[in-house]
There are 2 protein chains.
Amino acid sequence: MVHWYSDLARLWHRVWEELDLGVRDPKMAARSPVLATLGLGGAPEARTVVLRDACREEARLAIHTDSRSTKCAELAAHPKASLHIWEPRMRLQTRLRGHMAVETGAAVAWLWGHVPDGSRASYGVTPAPGTPIETADAYQSAPDPSRFAVLTLTIEEIDAVHLSGDHHRRALFRREDNWRGTWLAP
Amino acid sequence: MVHWYSDLARLWHRVWEELDLGVRDPKMAARSPVLATLGLGGAPEARTVVLRDACREEARLAIHTDSRSTKCAELAAHPKASLHIWEPRMRLQTRLRGHMAVETGAAVAWLWGHVPDGSRASYGVTPAPGTPIETADAYQSAPDPSRFAVLTLTIEEIDAVHLSGDHHRRALFRREDNWRGTWLAP
């Protein structure tokens with residue numbers, strides 16, 4: 001029997017279905033990937049982000065963040081990035097590698113109108129994220145459209161691993177192969 | 001009212017409680033952290049690993065892996081690493097930064113006896129993990145104690161973020177401060 005995870009084309013399709021679901025449904029695992037970057041001190045960094053858009057045709061993903069967050073400075077210096085998603089329902093680990101563009105200001109101002117009021121305070125914490133403060137509450141958050149940043153990952157590779165009991169299946173899809181895909185030893 | 005997440009000492013305690021729970025209970029989020037490393041090509045990498053041991057006194061964590069996995073080669077070249085845990089029940093993101101030691105052979109042979117039979121096949125996939133194969137099933141796994149590797153993270157920093165509605169609290173604990181902790185703007 002051919003399962004979705006035992007056929008390269010169907011596995012590829014399922015990865016993008018999960019990404020599309022993540023954009024639409026906050027409860028899905030793909031809504032909250034872990035973004036790995038290279039820190040300014042040379043060490044790898046990882047944190048949860050929120051997936052805001054997914055374009056299968058261009059193989060691009062979008063994340064919104066505060067332009068003064070550490071990850072923006074890291075990505076400006078080292079644009080290579082990786083997103084990790086573990087979907088327990090599907091028993092599917094998806095790793096998306098590529099390079100991240102950081103856009104702010106006029107280029108992304110049109111998107112600010114789509115940010116819900118309740119989310120706007122995420123863009124404008126004072127002092128800047130990561131600054132030491134005296135007490136846990138010694139910060140203000142006021143929406144600041146000038147601090148709204150869009151991170152766009154242009155995917156170069158997708159590494160997908162499906163766990164089925166003891167039997168693991170692992171595939172690598174690459175842009176340069178037009179996403180044809182190849183199986184890898186898990 | 002003082003919650004566990006509004007007091008530095010209690011937050012620190014809770015982080016380690018979750019790590020201890022992760023070692024004992026496969027269902028806990030801390031059982032399956034995301035390990036970020038620096039890839040051999042200079043790009044950050046991230047994948048799920050399994051937490052096997054946690055020592056609060058020394059602030060060390062242990063992970064077991066196949067010595068021929070890519071992460072072992074990456075960590076041998078760049079020992080700086082980061083672990084990421086998102087605990088949805090507590091609404092707590094924990095990021096653990098430090099340097100990872102890779103041990104194999106005689107130094108870790110005593111631990112092999114504690115690896116359950118069902119897990120031993122994870123150490124000995126042929127061809128080596130990440131090798132392209134013709135079909136999804138074109139690999140064998142046979143337990144090979146010589147490929148059993150223990151990764152030990154000596155933690156230097158713990159960055160903990162608690163989400164409570166719109167109100168986020170973020171703390172940084174550092175070994176060099178004897179883990180006293182300081183609040184950060186989130």
# chains A, B, ... in the order shown; residues from 1 in each chain; ligands from 1
$ select_by_dssp --residues "chain A" --states "helix (DSSP H, G or I)" --output "JSON, numbers by chain"
{"A": [4, 5, 6, 8, 9, 10, 11, 12, 13, 14, 15, 16, 17, 18, 19, 20, 21, 22, 23, 24, 29, 30, 31, 70, 71, 72, 73, 74, 75, 76, 77, 105, 106, 107, 108, 109, 110, 111, 112, 117, 118, 119, 120, 145, 146, 147, 175, 176, 177]}
$ closest_atom_pairs --of "segment 26-131 of chain A" --to "segment 38-41 of chain B" --cutoff "12 Å" --atoms "only C-alpha atoms" --output "tab-separated table"
residue	atom	partner	partner_atom	distance
A:Ala36	CA	B:Leu38	CA	9.4
A:Thr37	CA	B:Leu38	CA	8.7
A:Leu38	CA	B:Leu38	CA	7.3
A:Gly39	CA	B:Leu38	CA	10.0
A:Gly42	CA	B:Leu38	CA	8.6
A:Ala43	CA	B:Leu38	CA	7.3
A:Pro44	CA	B:Leu38	CA	5.9
A:Glu45	CA	B:Leu38	CA	9.3
A:Ala46	CA	B:Leu38	CA	11.4
A:His78	CA	B:Leu38	CA	11.8
A:Lys80	CA	B:Gly41	CA	10.1
A:Ala81	CA	B:Leu38	CA	10.4
A:Ser82	CA	B:Gly39	CA	10.5
A:Arg97	CA	B:Gly39	CA	11.0
$ interface_residues --of "chain B" --to "chain A" --cutoff "8 Å" --atoms "only C-alpha atoms" --output "mmCIF file with C-alpha atoms, in the first residue's frame"
data_model
loop_
_atom_site.group_PDB
_atom_site.id
_atom_site.type_symbol
_atom_site.label_atom_id
_atom_site.label_comp_id
_atom_site.auth_asym_id
_atom_site.auth_seq_id
_atom_site.Cartn_x
_atom_site.Cartn_y
_atom_site.Cartn_z
ATOM 1 C CA SER B 6 7.123 36.029 38.542
ATOM 2 C CA VAL B 34 15.156 20.943 19.319
ATOM 3 C CA ALA B 36 20.434 23.843 17.040
ATOM 4 C CA THR B 37 23.980 23.498 15.748
ATOM 5 C CA LEU B 38 26.220 25.201 13.222
ATOM 6 C CA ALA B 43 24.292 27.421 8.072
ATOM 7 C CA PRO B 44 22.354 26.826 11.294
ATOM 8 C CA GLU B 45 20.714 23.408 11.637
ATOM 9 C CA ALA B 46 17.877 22.216 13.886
ATOM 10 C CA ARG B 47 16.388 18.791 14.637
ATOM 11 C CA THR B 48 14.486 17.010 17.370
ATOM 12 C CA LYS B 80 28.547 25.624 20.645
ATOM 13 C CA ALA B 81 24.936 24.460 20.690
ATOM 14 C CA SER B 82 21.486 25.493 21.799
ATOM 15 C CA LEU B 83 18.482 23.455 22.954
ATOM 16 C CA HIS B 84 14.939 24.775 22.613
ATOM 17 C CA TRP B 86 8.306 24.874 24.242
ATOM 18 C CA GLN B 93 9.838 28.585 26.251
ATOM 19 C CA ARG B 95 16.431 28.067 25.553
ATOM 20 C CA ARG B 97 22.923 27.581 25.423
ATOM 21 C CA VAL B 125 21.859 2.451 10.366
ATOM 22 C CA THR B 126 23.624 1.445 7.116
ATOM 23 C CA PRO B 127 24.349 3.410 4.989
ATOM 24 C CA ALA B 128 25.120 6.295 7.375
ATOM 25 C CA PRO B 129 22.299 8.758 8.165
ATOM 26 C CA GLY B 130 21.800 11.284 5.354
ATOM 27 C CA THR B 131 23.175 9.059 2.559
ATOM 28 C CA PRO B 132 20.990 9.149 -0.596
ATOM 29 C CA ILE B 133 19.257 5.783 -1.180
ATOM 30 C CA GLU B 134 17.187 4.421 -4.086
ATOM 31 C CA THR B 135 13.987 3.690 -2.187
ATOM 32 C CA ALA B 136 12.646 4.740 1.206
ATOM 33 C CA ASP B 137 13.388 1.305 2.679
ATOM 34 C CA ALA B 138 16.855 0.766 1.208
ATOM 35 C CA TYR B 139 18.660 0.742 4.537
ATOM 36 C CA ARG B 169 8.067 37.594 31.328
ATOM 37 C CA ARG B 170 11.608 36.765 30.301
ATOM 38 C CA ALA B 171 14.600 35.851 32.436
ATOM 39 C CA THR B 182 18.017 38.719 35.721
ATOM 40 C CA TRP B 183 14.819 39.869 34.025
ATOM 41 C CA LEU B 184 14.948 40.882 30.366
ATOM 42 C CA ALA B 185 12.544 42.901 28.253
ATOM 43 C CA PRO B 186 10.580 40.226 26.363
#
$ residues_around --residues "Arg89 of chain B" --least-positions-apart "2" --cutoff "12 Å" --atoms "only C-alpha atoms" --output "list in words"
Glu18, Lys27, Met28, Ala29, Ala30, Ile85, Trp86, Glu87, Arg91, Leu92, Gln93, His162, Leu163 and Ser164 of chain B
$ closest_residue --among "A:Ala142, A:Ile158, A:Leu19, A:Val102" --to "Asp53 of chain A" --atoms "only C-alpha atoms"
A:Leu19
$ atom_distance --atom1 "atom CA of Trp112 of chain A" --atom2 "atom CA of Asp25 of chain A"
19.9 Å
$ residues_around --residues "Leu111 of chain B" --least-positions-apart "3" --cutoff "10 Å" --atoms "only C-alpha atoms" --output "list in words"
His64, Ala106, Ala107, Val108, His114, Val115, Pro145, Phe148, Ala149 and Val150 of chain B
$ closest_residue --among "A:Lys71, A:Ala54, A:Arg120, A:Arg10" --to "Gly181 of chain A" --atoms "only C-alpha atoms"
A:Arg10
$ atom_distance --atom1 "atom CA of Asp177 of chain B" --atom2 "atom CA of Val50 of chain B"
28.4 Å
$ select_by_dssp --residues "segment 11-165 of chain A" --states "strand (DSSP E)" --output "NGL selection string"
:A and (34-38 or 44-48 or 51-55 or 60-66 or 80-87 or 92-103 or 125-126 or 132-133 or 140-141 or 148-164)
$ atom_distance --atom1 "atom CA of Arg175 of chain A" --atom2 "atom CA of Glu156 of chain A"
5.2 Å
